[in-house]
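Q: What follows is the file target.cif, containing mmCIF, C-alpha atoms:
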```cif
data_target
loop_
_atom_site.label_atom_id
_atom_site.label_comp_id
_atom_site.auth_asym_id
_atom_site.auth_seq_id
_atom_site.Cartn_x
_atom_site.Cartn_y
_atom_site.Cartn_z
CA ASN C 1 -54.26 192.81 111.94
CA PHE C 2 -57.10 193.86 109.65
CA PHE C 3 -55.92 197.47 109.56
CA GLN C 4 -52.44 196.49 108.43
CA GLN C 5 -53.65 194.21 105.56
CA SER C 6 -53.25 195.18 101.92
CA LYS C 7 -56.24 196.28 99.86
CA THR C 8 -56.33 192.91 98.09
CA GLU C 9 -56.31 191.02 101.37
CA ARG C 10 -59.04 193.26 102.78
CA GLN C 11 -61.03 192.79 99.53
CA GLU C 12 -60.86 189.00 99.84
CA PHE C 13 -61.79 189.17 103.51
CA LEU C 14 -64.75 191.50 102.90
CA ASN C 15 -65.92 189.38 99.93
CA PHE C 16 -65.87 186.35 102.20
CA ILE C 17 -67.59 188.08 105.09
CA SER C 18 -70.22 189.76 102.85
CA GLY C 19 -70.99 186.58 100.90
CA THR C 20 -69.92 188.02 97.52
CA LYS C 21 -67.19 185.36 97.41
CA HIS C 22 -69.95 182.82 96.95
CA ILE C 23 -71.18 184.87 94.03
CA TYR C 24 -67.71 184.60 92.50
CA ASP C 25 -67.65 180.85 93.22
CA ILE C 26 -71.12 180.41 91.70
CA ASN C 27 -70.10 182.49 88.69
CA GLY C 28 -67.06 180.28 88.17
CA ALA C 29 -69.13 177.11 88.47
CA ILE C 30 -71.66 178.55 86.03
CA SER C 31 -68.87 179.47 83.63
CA ARG C 32 -67.52 175.93 83.79
CA ASP C 33 -71.03 174.56 83.29
CA ILE C 34 -71.50 176.89 80.33
CA SER C 35 -68.20 175.68 78.87
CA ASN C 36 -69.20 172.04 79.35
CA THR C 37 -72.65 172.68 77.94
CA GLN C 38 -71.14 174.47 74.95
CA ASN C 39 -68.80 171.51 74.38
CA ASP C 40 -71.81 169.18 74.52
CA ILE C 41 -73.60 171.42 72.02
CA ARG C 42 -70.56 171.33 69.74
CA LEU C 43 -70.41 167.54 69.97
CA ILE C 44 -74.12 167.32 69.21
CA GLU C 45 -73.73 169.78 66.32
CA SER C 46 -70.83 167.70 65.01
CA SER C 47 -72.96 164.55 65.23
CA MET C 48 -75.86 166.41 63.62
CA ALA C 49 -73.57 167.57 60.81
CA ILE C 50 -72.41 164.00 60.21
CA ILE C 51 -75.99 162.69 60.30
CA SER C 52 -77.20 165.54 58.07
CA LYS C 53 -74.43 164.79 55.58
CA THR C 54 -75.32 161.09 55.67
CA LEU C 55 -79.00 162.01 55.33
CA CYS C 56 -78.26 164.23 52.31
CA GLU C 57 -76.19 161.45 50.75
CA LEU C 58 -78.97 158.92 51.36
CA LYS C 59 -81.55 161.29 49.90
CA ALA C 60 -79.31 161.91 46.90
CA GLN C 61 -78.89 158.16 46.48
CA GLN C 62 -82.63 157.71 46.92
CA GLU C 63 -83.30 160.40 44.32
CA ALA C 64 -80.85 158.75 41.92
CA TYR C 65 -82.45 155.40 42.69
CA GLN C 66 -85.90 156.85 42.08
CA GLU C 67 -84.68 158.32 38.79
CA LYS C 68 -83.42 154.87 37.83
CA ILE C 69 -86.76 153.39 38.86
CA LYS C 70 -88.54 156.09 36.85
CA ALA C 71 -86.39 155.33 33.83
CA ALA C 72 -86.88 151.59 34.37
CA LYS C 73 -90.63 152.10 34.66
CA GLN C 74 -90.59 154.13 31.45
CA ASP C 75 -88.61 151.40 29.72
CA TYR C 76 -90.98 148.80 31.13
CA SER C 77 -93.94 150.94 30.05
CA ASN C 78 -92.58 151.20 26.51
CA THR C 79 -91.83 147.49 26.50
CA LEU C 80 -95.32 146.75 27.79
CA LYS C 81 -96.81 148.88 25.01
CA GLU C 82 -94.67 147.11 22.44
CA LEU C 83 -95.59 143.73 23.89
CA ALA C 84 -99.26 144.69 23.99
CA ALA C 85 -99.03 145.67 20.33
CA THR C 86 -97.15 142.44 19.58
CA ILE C 87 -99.75 140.39 21.44
CA SER C 88 -102.58 142.12 19.55
CA ALA C 89 -100.77 141.53 16.26
CA HIS C 90 -100.21 137.87 17.16
CA LYS C 91 -103.88 137.51 18.09
CA ARG C 92 -104.98 139.09 14.80
CA ALA C 93 -102.56 136.91 12.83
CA LEU C 94 -103.68 133.87 14.79
CA LYS C 95 -107.33 134.69 14.04
CA LYS C 96 -106.59 135.07 10.33
CA LEU C 97 -104.63 131.85 10.28
CA GLU C 98 -107.39 130.02 12.12
CA ASP C 99 -109.95 131.39 9.66
CA LYS C 100 -107.78 130.31 6.73
CA ALA C 101 -107.18 126.93 8.33
CA ASN C 102 -110.91 126.47 8.87
CA LYS C 103 -111.55 127.53 5.29
CA LYS C 104 -108.95 125.05 4.06
CA GLU C 105 -110.50 122.37 6.26
CA THR C 106 -113.87 123.07 4.65
CA GLU C 107 -112.36 123.09 1.17
CA LEU C 108 -110.52 119.87 1.90
CA ALA C 109 -113.71 118.25 3.21
CA ASN C 110 -115.59 119.42 0.13
CA ASN C 111 -112.74 118.19 -2.02
CA ARG C 112 -112.93 114.78 -0.35
CA VAL C 113 -116.67 114.61 -1.03
CA ALA C 114 -116.19 115.75 -4.60
CA LEU C 115 -113.36 113.25 -5.08
CA ALA C 116 -115.48 110.49 -3.60
CA ASN C 117 -118.30 111.45 -6.01
CA THR C 118 -115.84 111.57 -8.88
CA ASN C 119 -114.50 108.15 -7.96
CA SER C 120 -118.06 106.87 -7.86
CA ASP C 121 -118.80 108.44 -11.25
CA TYR C 122 -115.57 107.02 -12.58
CA LEU C 123 -116.47 103.54 -11.40
CA LYS C 124 -119.93 103.90 -12.93
CA ALA C 125 -118.43 105.15 -16.19
CA THR C 126 -115.93 102.28 -16.22
CA HIS C 127 -118.70 99.81 -15.54
CA ARG C 128 -120.82 101.34 -18.32
CA LEU C 129 -117.85 101.24 -20.69
CA ASN C 130 -117.26 97.58 -19.90
CA GLU C 131 -120.93 96.86 -20.51
CA LEU C 132 -120.76 98.72 -23.82
CA ASN C 133 -117.63 96.87 -24.86
CA ASN C 134 -119.28 93.57 -23.99
CA SER C 135 -122.37 94.55 -26.01
CA LEU C 136 -120.14 95.65 -28.86
CA LEU C 137 -118.32 92.34 -28.78
CA ARG C 138 -121.61 90.44 -28.66
CA ILE C 139 -123.03 92.41 -31.58
CA LYS C 140 -119.84 91.93 -33.56
CA THR C 141 -120.03 88.23 -32.89
CA THR C 142 -123.67 88.16 -34.00
CA ILE C 143 -122.86 90.13 -37.16
CA ASP C 144 -119.96 87.87 -37.92
CA LYS C 145 -122.21 84.81 -37.45
CA TYR C 146 -124.89 86.17 -39.72
CA ALA C 147 -122.32 87.30 -42.24
CA ASP C 148 -120.83 83.81 -42.29
CA LEU C 149 -124.29 82.29 -42.86
CA ILE C 150 -125.00 84.70 -45.65
CA LYS C 151 -121.68 83.94 -47.24
CA LYS C 152 -122.32 80.20 -47.07
CA ASN C 153 -125.87 80.56 -48.42
CA LYS C 154 -124.75 82.83 -51.23
CA SER C 155 -123.05 79.95 -53.03
CA LEU C 156 -126.31 77.98 -52.95
CA THR C 157 -128.40 80.79 -54.34
CA GLU C 158 -126.07 81.17 -57.32
CA VAL C 159 -126.96 77.68 -58.67
CA LEU C 160 -130.71 77.93 -58.09
CA CYS C 161 -133.25 79.28 -60.44
CA GLU C 162 -135.06 82.43 -59.84
CA ASP C 163 -138.17 80.59 -58.64
CA CYS C 164 -136.23 78.56 -56.09
CA LYS C 165 -134.38 81.46 -54.59
CA PRO C 166 -137.40 82.77 -52.59
CA LYS C 167 -138.03 79.32 -51.26
CA LEU C 168 -134.39 78.97 -50.21
CA ASP C 169 -134.51 82.44 -48.66
CA THR C 170 -137.53 81.40 -46.67
CA ILE C 171 -135.83 78.22 -45.59
CA LEU C 172 -132.47 79.83 -44.72
CA ASN C 173 -133.81 83.23 -43.50
CA ILE C 174 -131.25 85.00 -45.65
CA THR C 175 -133.17 88.26 -45.80
CA LYS C 176 -133.89 88.18 -42.09
CA ASN C 177 -130.24 87.48 -41.38
CA GLN C 178 -129.29 90.43 -43.51
CA GLU C 179 -131.68 92.60 -41.61
CA GLN C 180 -130.17 91.36 -38.39
CA ILE C 181 -126.78 92.24 -39.74
CA ASP C 182 -127.93 95.72 -40.73
CA LEU C 183 -129.59 96.19 -37.37
CA GLY C 184 -126.47 94.92 -35.62
CA LYS C 185 -124.32 97.32 -37.62
CA LYS C 186 -126.59 100.16 -36.68
CA GLU C 187 -126.45 99.14 -33.03
CA LEU C 188 -122.72 98.75 -33.43
CA GLU C 189 -122.39 102.31 -34.67
CA GLU C 190 -124.53 103.53 -31.79
CA LEU C 191 -122.49 101.53 -29.31
CA LYS C 192 -119.31 102.94 -30.81
CA GLU C 193 -120.66 106.45 -30.24
CA GLN C 194 -121.70 105.50 -26.72
CA ILE C 195 -118.33 103.94 -26.07
CA LYS C 196 -116.66 107.05 -27.45
CA GLU C 197 -118.74 109.20 -25.16
CA ALA C 198 -118.13 106.84 -22.27
CA LYS C 199 -114.39 106.95 -22.90
CA LYS C 200 -114.51 110.73 -23.06
CA ILE C 201 -116.44 110.82 -19.78
CA GLN C 202 -113.96 108.38 -18.32
CA GLU C 203 -111.01 110.48 -19.52
CA ASP C 204 -112.65 113.63 -18.14
CA LEU C 205 -113.29 111.90 -14.86
CA VAL C 206 -109.67 110.72 -14.73
CA LYS C 207 -108.48 114.29 -15.36
CA THR C 208 -110.92 115.62 -12.77
CA LYS C 209 -109.75 112.98 -10.32
CA GLU C 210 -106.11 113.84 -10.95
CA THR C 211 -106.90 117.55 -10.53
CA MET C 212 -108.79 116.85 -7.33
CA GLU C 213 -106.01 114.63 -6.05
CA LYS C 214 -103.57 117.41 -6.75
CA ASP C 215 -105.87 119.97 -5.17
CA ARG C 216 -106.32 117.74 -2.15
CA SER C 217 -102.54 117.37 -1.83
CA THR C 218 -102.14 121.14 -2.13
CA LEU C 219 -104.92 121.73 0.37
CA SER C 220 -103.37 119.22 2.78
CA ASP C 221 -99.98 120.92 2.44
CA ASP C 222 -101.56 124.35 2.93
CA LEU C 223 -103.50 123.08 5.92
CA LEU C 224 -100.34 121.66 7.49
CA LYS C 225 -98.56 124.96 6.88
CA PHE C 226 -101.42 126.89 8.43
CA LYS C 227 -101.48 124.56 11.42
CA GLN C 228 -97.72 124.97 11.84
CA SER C 229 -98.10 128.74 11.52
CA ILE C 230 -100.89 128.65 14.09
CA ALA C 231 -98.66 126.64 16.43
CA ASP C 232 -95.82 129.14 15.91
CA GLU C 233 -98.13 132.11 16.45
CA THR C 234 -99.59 130.45 19.55
CA LYS C 235 -96.09 129.92 20.93
CA SER C 236 -95.11 133.52 20.14
CA LEU C 237 -98.33 134.73 21.73
CA THR C 238 -97.66 132.67 24.86
CA VAL C 239 -94.09 134.00 25.10
CA ALA C 240 -95.31 137.59 24.64
CA GLU C 241 -98.03 137.15 27.27
CA VAL C 242 -95.54 135.63 29.75
CA LYS C 243 -93.17 138.55 29.16
CA HIS C 244 -96.08 140.94 29.59
CA THR C 245 -97.01 139.33 32.92
CA ASN C 246 -93.39 139.28 34.13
CA ILE C 247 -92.83 142.93 33.25
CA LYS C 248 -96.03 143.95 35.05
CA ALA C 249 -94.83 142.02 38.10
CA ALA C 250 -91.40 143.69 37.80
CA VAL C 251 -93.01 147.15 37.72
CA LYS C 252 -95.01 146.25 40.84
CA ASP C 253 -91.80 145.05 42.53
CA LEU C 254 -90.14 148.37 41.68
CA ASP C 255 -92.98 150.20 43.43
CA ASN C 256 -92.57 148.02 46.52
CA THR C 257 -88.76 148.12 46.65
CA ASN C 258 -87.01 151.14 48.17
CA GLN C 259 -84.28 150.21 50.61
CA PHE C 260 -83.54 153.86 51.36
CA ASP C 261 -86.82 154.63 53.15
CA GLY C 262 -85.90 152.74 56.29
CA MET C 263 -82.35 154.11 56.42
CA ILE C 264 -83.51 157.69 55.82
CA GLN C 265 -86.22 157.38 58.45
CA GLY C 266 -83.71 155.93 60.93
CA LYS C 267 -81.23 158.77 60.33
CA GLN C 268 -84.05 161.33 60.48
CA ASP C 269 -85.19 159.94 63.85
CA GLU C 270 -81.61 160.03 65.09
CA LEU C 271 -81.25 163.63 63.87
CA ASN C 272 -84.53 164.60 65.55
CA GLU C 273 -83.25 163.17 68.85
CA PHE C 274 -80.08 165.27 68.56
CA VAL C 275 -82.16 168.33 67.66
CA GLU C 276 -84.24 167.81 70.82
CA LYS C 277 -81.08 167.39 72.91
CA LYS C 278 -79.53 170.49 71.36
CA THR C 279 -82.71 172.47 71.95
CA GLU C 280 -82.68 171.45 75.61
CA LEU C 281 -78.97 172.29 75.95
CA VAL C 282 -79.39 175.64 74.19
CA LYS C 283 -82.27 176.44 76.53
CA TYR C 284 -80.14 175.39 79.50
CA ARG C 285 -77.23 177.45 78.14
CA LYS C 286 -79.45 180.53 77.95
CA GLN C 287 -80.49 179.96 81.55
CA LEU C 288 -76.82 179.65 82.52
CA ASP C 289 -76.03 182.85 80.60
CA ILE C 290 -78.73 184.64 82.58
CA LEU C 291 -77.30 183.27 85.86
CA LYS C 292 -73.78 184.18 84.81
CA PHE C 293 -74.91 187.64 83.91
CA ALA C 294 -76.61 187.93 87.29
CA THR C 295 -73.60 186.59 89.24
CA ASN C 296 -71.10 188.50 87.14
CA ASP C 297 -72.77 191.86 87.56
CA GLU C 298 -70.18 194.11 89.19
CA THR C 299 -72.88 196.61 90.04
CA VAL C 300 -74.68 193.97 92.14
CA LYS C 301 -71.46 192.99 93.83
CA LYS C 302 -70.53 196.61 94.46
CA PHE C 303 -74.01 197.27 95.78
CA VAL C 304 -73.69 194.38 98.25
CA ILE C 305 -70.17 195.47 99.31
CA SER C 306 -71.32 199.08 99.54
CA ARG C 307 -74.20 198.22 101.85
CA PHE C 308 -71.91 195.92 103.85
CA ILE C 309 -69.26 198.68 104.20
CA THR C 310 -71.92 201.26 105.13
CA SER C 311 -73.22 198.98 107.87
CA LEU C 312 -69.65 198.22 108.95
CA ASN C 313 -68.79 201.94 109.18
CA SER C 314 -72.01 202.60 111.13
CA TYR C 315 -71.23 199.84 113.66
CA MET C 316 -67.61 201.01 113.93
CA ALA C 317 -68.68 204.59 114.64
CA ILE C 318 -71.19 203.52 117.28
CA LEU C 319 -68.73 201.19 119.00
CA LEU C 320 -65.87 203.73 119.01
CA GLU C 321 -68.19 206.36 120.36
CA GLN C 322 -69.33 203.98 123.14
CA MET C 323 -65.66 203.35 123.97
CA GLY C 324 -65.15 207.16 124.35
CA ALA C 325 -62.97 207.54 121.27
CA ASP C 326 -62.82 210.98 119.63
CA TYR C 327 -61.56 209.54 116.37
CA SER C 328 -63.13 207.36 113.69
CA CYS C 329 -62.21 204.77 111.06
CA VAL C 330 -63.96 204.61 107.68
CA PHE C 331 -63.86 201.71 105.19
CA ASN C 332 -63.94 203.05 101.61
CA ASP C 333 -65.57 201.27 98.58
CA ASP C 334 -62.12 200.65 97.08
CA TYR C 335 -61.23 198.63 100.25
CA SER C 336 -58.89 201.37 101.53
CA LEU C 337 -59.12 202.87 105.07
CA SER C 338 -59.50 206.48 106.16
CA PHE C 339 -58.83 207.68 109.70
CA TYR C 340 -60.19 210.94 111.16
CA THR C 341 -59.34 212.89 114.35
CA PRO C 342 -60.69 216.19 115.61
CA GLY C 343 -57.77 217.75 113.86
CA GLY C 344 -58.62 216.16 110.52
CA GLU C 345 -57.65 213.08 108.47
CA SER C 346 -54.82 211.03 109.84
CA SER C 347 -53.00 207.73 109.28
CA TYR C 348 -53.08 204.44 111.20
CA ASP C 349 -49.48 204.75 112.37
CA THR C 350 -50.16 208.07 114.19
CA PHE C 351 -52.48 206.33 116.65
CA SER C 352 -51.31 204.99 119.97
CA SER C 353 -51.44 201.28 120.76
CA GLY C 354 -54.51 201.80 122.94
CA GLU C 355 -56.30 203.68 120.17
CA LYS C 356 -55.34 200.95 117.70
CA MET C 357 -56.64 198.33 120.17
CA ARG C 358 -59.97 200.15 120.46
CA MET C 359 -60.27 200.28 116.67
CA THR C 360 -59.42 196.56 116.45
CA ILE C 361 -62.02 195.67 119.10
CA ALA C 362 -64.62 197.89 117.41
CA ALA C 363 -63.88 196.26 114.05
CA SER C 364 -64.14 192.76 115.58
CA PHE C 365 -67.51 193.47 117.15
CA ALA C 366 -68.73 195.23 114.02
CA PHE C 367 -67.84 192.20 111.89
CA ARG C 368 -69.53 189.96 114.46
CA PHE C 369 -72.75 192.01 114.35
CA LEU C 370 -72.69 191.94 110.55
CA LEU C 371 -72.19 188.16 110.48
CA MET C 372 -75.05 187.68 112.95
CA ASN C 373 -77.34 189.74 110.72
CA GLN C 374 -75.99 188.11 107.55
CA TYR C 375 -76.31 184.45 108.58
CA ASN C 376 -78.81 184.66 111.46
CA PHE C 377 -76.68 183.23 114.27
#
```
Let's see the structure in the file written out as structure tokens.
A:
Amino acid sequence: NFFQQSKTERQEFLNFISGTKHIYDINGAISRDISNTQNDIRLIESSMAIISKTLCELKAQQEAYQEKIKAAKQDYSNTLKELAATISAHKRALKKLEDKANKKETELANNRVALANTNSDYLKATHRLNELNNSLLRIKTTIDKYADLIKKNKSLTEVLCEDCKPKLDTILNITKNQEQIDLGKKELEELKEQIKEAKKIQEDLVKTKETMEKDRSTLSDDLLKFKQSIADETKSLTVAEVKHTNIKAAVKDLDNTNQFDGMIQGKQDELNEFVEKKTELVKYRKQLDILKFATNDETVKKFVISRFITSLNSYMAILLEQMGADYSCVFNDDYSLSFYTPGGESSYDTFSSGEKMRMTIAASFAFRFLLMNQYNF
């Protein structure tokens, strides 16, 4: 019996009949959806926090790596400058050594020519000296021959008279032989001077030759040293240039090597996906909050119940009046019941069973009319 139900039972029945129960059911479903959505947001935020932390760590590692690269580039730059200076120094030294080597080559060539000329002059002087010695020997032989003749003829002239001596002189050519001796002695003295000069020239040429031989040996040694120095400088230059090339290539490799870019970009893309998902969920959560607010609005529910109860009371009054009843039943907003008779307010238990039956029938038809209007059947 509806009239004998408790307020709570009547409330549940009226909520069901009026449709507000569905509002409560929808509100509960929305609340659960909000809870699930919030959990999803928390999970996404947790994932975002992990990714953000990883991203920060990667960026920190990248920054440290870039600092190392910067320091390495600076070291490479300093090394390149030092190597460039070393290469320039080697090139200058190499140029000087090549100039000195060329100069020594020229001096050595000149020395060879001069030595060849000196050897030629020495041979000529030796030949001249031999000729002079041969002439000297020949003249000495001639002088000795004439001296021997004069000596032999002198013993003959000692026994002759003064008148015979000229005749003997004419026959033996004593005077002429003496002249030849004098001439030979003169030539001998001249040859001795020439031989002396020739010997001096020869001695000078020998000294010059020895000096030139020594100079040539020195020049050859210097030239070998210069060539060795040039070879060493060339090797050092090659090593420096190879290092220079390798360091430039290493600097280029540093510019092209950053393993963090791909990882950071991957994590950033992953984070962006979570941000988009979170944005969508937050938007959906706001929509759910609006729906929850709408379905949780007690004023709306009370308004619906109030209109439902007003219509119910109106139908009840009309039906009781049509059944000839002089009493009425009123449903209050707090789901309680009030009964009125011509004598004033009364209680349900004071009515007879027939009056109670009329009220029950009126209530049944009233609820039926309300349901027909509510759900169009």
Q: Out of C:Ala89, C:Leu43, C:Met372, C:Ala109, which residue has the shortest atom-to-atom distance to Asp215 of chain C when counting all atoms listed in the file?
A: C:Ala109
Q: If you count only C-alpha atoms, which residues fall within 10 Å of Thr310 of chain C, apart from same-chain ones fewer than 4 positions away, as a list in words?
A: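 Returned residues: Val304, Ile305, Ser306, Ser314, Tyr315, Met316, Val330, Phe331, Asn332 and Asp333 of chain C.
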Q: For Thr118 of chain C, which of C:Tyr327, C:Ile264, C:Lys227, C:Met212 is the closest residue, counting all atoms listed in the file?
A: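 Looking at the shortest contact to Thr118 of chain C, the residue is C:Met212.
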Q: In Å, how far is it from atom CA of Glu321 of chain C to atom CA of Met357 of chain C?
A: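 Calculated distance between atom CA of Glu321 of chain C and atom CA of Met357 of chain C is 14.1 Å.
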Q: For a test of reading the model, state the distance in Å between atom CA of Gln61 of chain C and atom CA of Lys277 of chain C, rounded to one decimal.
A: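 Result for atom CA of Gln61 of chain C versus atom CA of Lys277 of chain C: 28.1 Å, one decimal.
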Q: Quote the spacing between atom CA of Thr341 of chain C and atom CA of Ser364 of chain C in Å to one decimal place.
A: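 Interatomic distance here is 20.7 Å.
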